[in-house]
Each structure stands twice: as structure tokens, then as C-alpha cells.
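Q: Just passing along the structure, written as C-alpha cells.
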Amino acid sequence: MKLAILMPAHNEGARLLRTLEVVRERSTELGGVSVFLVDDGSDPRVILEDLPSPTADFSIVFARHAINLGQGAALETARQLALREPEFAAYVTMDSDGQHGVDGAKHIAERIAAGADVAFGNRFVAGSNVPSGRKLLLRGARLFERALTGLSLSDAHNGLRGFSRRALSGIRIRHDRMAHATEITQCVSRSPNWVVAEVPVCVEYNRETLAKGQNAAGALTVLGDLLSHYFFQDRA
Amino acid sequence: MNLASIALLALVFGLVLFDLLTFSGRNRRALLLEIVVFLGGAFFVAFPIRATALAHLVGIGRGVDFLIYPIVIWLTRESLLTRRRRLEDTERMTELTRALALATASRREVDQSIGR
């Protein structure tokens, strides 16, 4: 099972290197991994030669945004990069800060290889140390997304998710920033033929990742972005 | 002319003077448009009776309402259009940045390291 990992990165520094190193160590067990890494205007910029060396089972395809656009934009660039390559058994989106474990990516990829078109990670059933404030925020986001999309997911805005090639080709991310997660859910809800699954994954929170993650103000920004796109964006 | 009118006129002419000095040579047409609009506003501030007469002519009670209604409508429209244009510009910027990133993407794998 050859796996594609779509990974946006912005100012992750050593965390990115550690994340890639862990993926590389497990790449043979995963059946081979290609990481589609997009540096979203990091300062200092990510240098390809500084990243973990390739092996027979591990390679990196790298692109760089000249300016910072946002995680959604970087993910869309990674998606387009991955679709230029021959088909992979599964396409998994994964954060570059070490929050997402390789085990979670593996379970998601297995679910896709078993026939699902989309597999959403669920961080609430696999021993993640989700802080209570974040739990409350995610519960509100889950209810909001359910009202918006009709999809009843256990976890909202989990960056660890997987797609078949068919599903990845059918999704186009137009929200540059964090609202892309809701956009993906909306797209899935409009595709009744896709097989959708939820997979338990472990998300590890620490002080660094919490400082970078979403908060209540971020949730308002997501809401503002969604409204702005709803009213002002062409549906092309 | 009351104190409020004098303060408003001072603000209008102060802004025009400031823009005249800071724009110096750039955006002459925008500056000219600003001066014409501001002088129109200053006229109605100095002679509010004229604004009231115009308002009565079209069935509005107060001269200030006659001026404010269309201004609010115009500003609302301008605000919405500006938001839309900003979103379009952002989309163009994203597409451009992405096209550049995709065109210069490179790969690192065993036995080869090629630029595409």
C-alpha cells in the first residue's frame, strides 16, 4: 500500500523535521510513503536539502509558497501536487507540527484502502489529551458543521483525514485559511456516493501546538470567512 | 453659522489641505474628485437652508436627511463591492502563488533529485 501524505507547513522549524523523521522511520511498515510538503511562506524558509534523506520507501515532493497564504491554500497546493503523480492507495492530510501520529495516518490509510472514499480522524476515542477548553470549542464546531452540512461527525476540524483518489479529485479547496475544514465537510456532504468513515486517531497536544492551534477568536474568523465566501465568491 | 458648522468646515478644509500636501503630484484626479465632493459638502454645511430647500422639493423634511440617505446607501454598496473585490484579489494572489509553487516544485527521492 503506497501512501501519499499531504502536509502543509508554516514556521514549524524543528517540529517539521521531527515529524518527517518519524514518518520516514515508519515508511517501510506503511508500504512506502511520498510526502507532498508545501512550505507556506515560512520564515526562515524550508530547505529541501535539510529535510530527512529519501529512502527506497520514503520520498518528498516539495513546493513553496512565496508568501504565506494559509493552511487551506497550502493543502490545496499539496492536493494538486499529489494528483500530478500516479495513483496512491490513500491520500492522508497531516499536520507538520507532530500533533498527528503515524499510527493514526496508518489506520486512516487502511480504511481508505479498504474501500472508503473519505476517512475523518476522530480524536475523542483514542486517548488524545484534548484540553477541556479545546473540547468545548470542538463540540460547538461539531454542532455548527452538522447544522451546515447535515453530516454528523464525531470530530470537527481534525486535520488528520484520508481520501481515495476519486474523493481527492472531487474536492477543490477555495478557503485559504482554517475554514477549509468546513469546506471539505461541505463537499463530502454534497457527494452522496462517497463512502465516508470515521477512524479513531490520537492527537497529542502540548504547549507549542496549543499556542499555534485554533481558539475562540479563530472560530469567529472561520465563521467570518465562511460568510464572506458564501456571499461574495463566485461558485465557478 | 453655528459652532458645529465652523468645526465641520474646519475639518473639511483641513482634510483637503492635508491631502493636497501629502498627495503632492500623485493621484491628481482622485484629489480633484475629493475637492469637488468636499466643496459640495462644505456648501451645504455653510448654507443648510439650501439643503433643506432641496429636501422639501423631493418630499424629505430635513436637509441633512436629504444628504445622508444617499450617502449611507452609496457607502453600503461601496463596502460590499470592496469586500467582493478584495476576495477576488485574494483569489488571484493565491492562484498566482500556487502556480509559481507548482512550477518550481522539486522532489527528493533515492537515486534522483530533479527540478521540474
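The way I read the labels, and the way they are meant: chains A, B, ... in the order of the C-alpha cells, residue 1 as the first residue of every chain, and ligand 1 as the first ligand shown, with later ones counted on from there.
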Write out as a list of chain:residue names each polymer residue whose atoms come within 9 Å of A:Arg123, counting only C-alpha atoms; drop sequence neighbours fewer than 5 positions from it.
A: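 Contacts, with the query itself left out: A:Ser128, A:Asn129, A:Val130, A:Ser154, A:Asp155, A:Asn158, A:Val199, A:Pro200, A:Val201, A:Cys202, A:Val203.
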Q: Tell me as a ChimeraX atom specification which residues belonging to chain B come within 9 Å of chain A, counting only C-alpha atoms.
A: /B:80-81,83-85,87-88,91,93-94,97-111
Q: Kindly give the distance, in Å, that separates atom CA of A:Glu198 and atom CA of A:Leu151, rounded to a single decimal.
A: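 Going from atom CA of A:Glu198 over to atom CA of A:Leu151 covers 11.7 Å.
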Q: Need to verify the contact set: stretch 13-25 of chain A, 6 Å, only C-alpha atoms, exclusion of same-chain residues closer than 6 positions in sequence. Can you return it as a PyMOL selection string?
A: chain A and resi 58+96-98
Q: One decimal, in Å: what's the spacing between atom CA of B:Glu78 and atom CA of B:Phe44?
A: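 For atom CA of B:Glu78 relative to atom CA of B:Phe44, the distance reads 23.0 Å.
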Q: Excluding same-chain residues fewer than 5 positions from B:Val36, what lies within 12 Å of it counting only C-alpha atoms, as number ranges by chain?
A: B: 12-13, 16, 29-31, 41-43
Q: Based on the backbone DSSP call, show me all residues of stretch 7-236 of chain A assigned helix (DSSP H, G or I), as a count of residues only.
A: 97
Q: Residues near stretch 62-66 of chain B, anyone? I mean within 9 Å using only C-alpha atoms, not counting same-chain ones fewer than 4 positions away, as a list in words.
A: Phe44, Pro48, Ile49, Arg50, Ala51, Thr52, Ala53, Leu54, Ala55, His56, Val58 and Pro70 of chain B
Q: Could you tell me how far atom CA of A:Cys187 lies from atom CA of A:Val102, in Å and to one decimal?
A: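 Going from atom CA of A:Cys187 over to atom CA of A:Val102 covers 25.8 Å.
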Q: Where in chain B does DSSP assign strand (DSSP E or B), given as a ChimeraX atom specification?
A: /B:106-109,112,115
Q: Rank nothing, just name the residue among B:Ile73, B:Val45, B:Val37, B:Ile60 nearest to B:Ala7, using only C-alpha atoms.
A: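 Result for the nearest residue to B:Ala7: B:Val45.
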Q: Which residue is closest to A:Ile5? Choose from A:Ala119, A:Ala147, A:Leu160, A:Leu138 and count only C-alpha atoms.
A: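 Closest to A:Ile5 of all the choices is A:Leu160.
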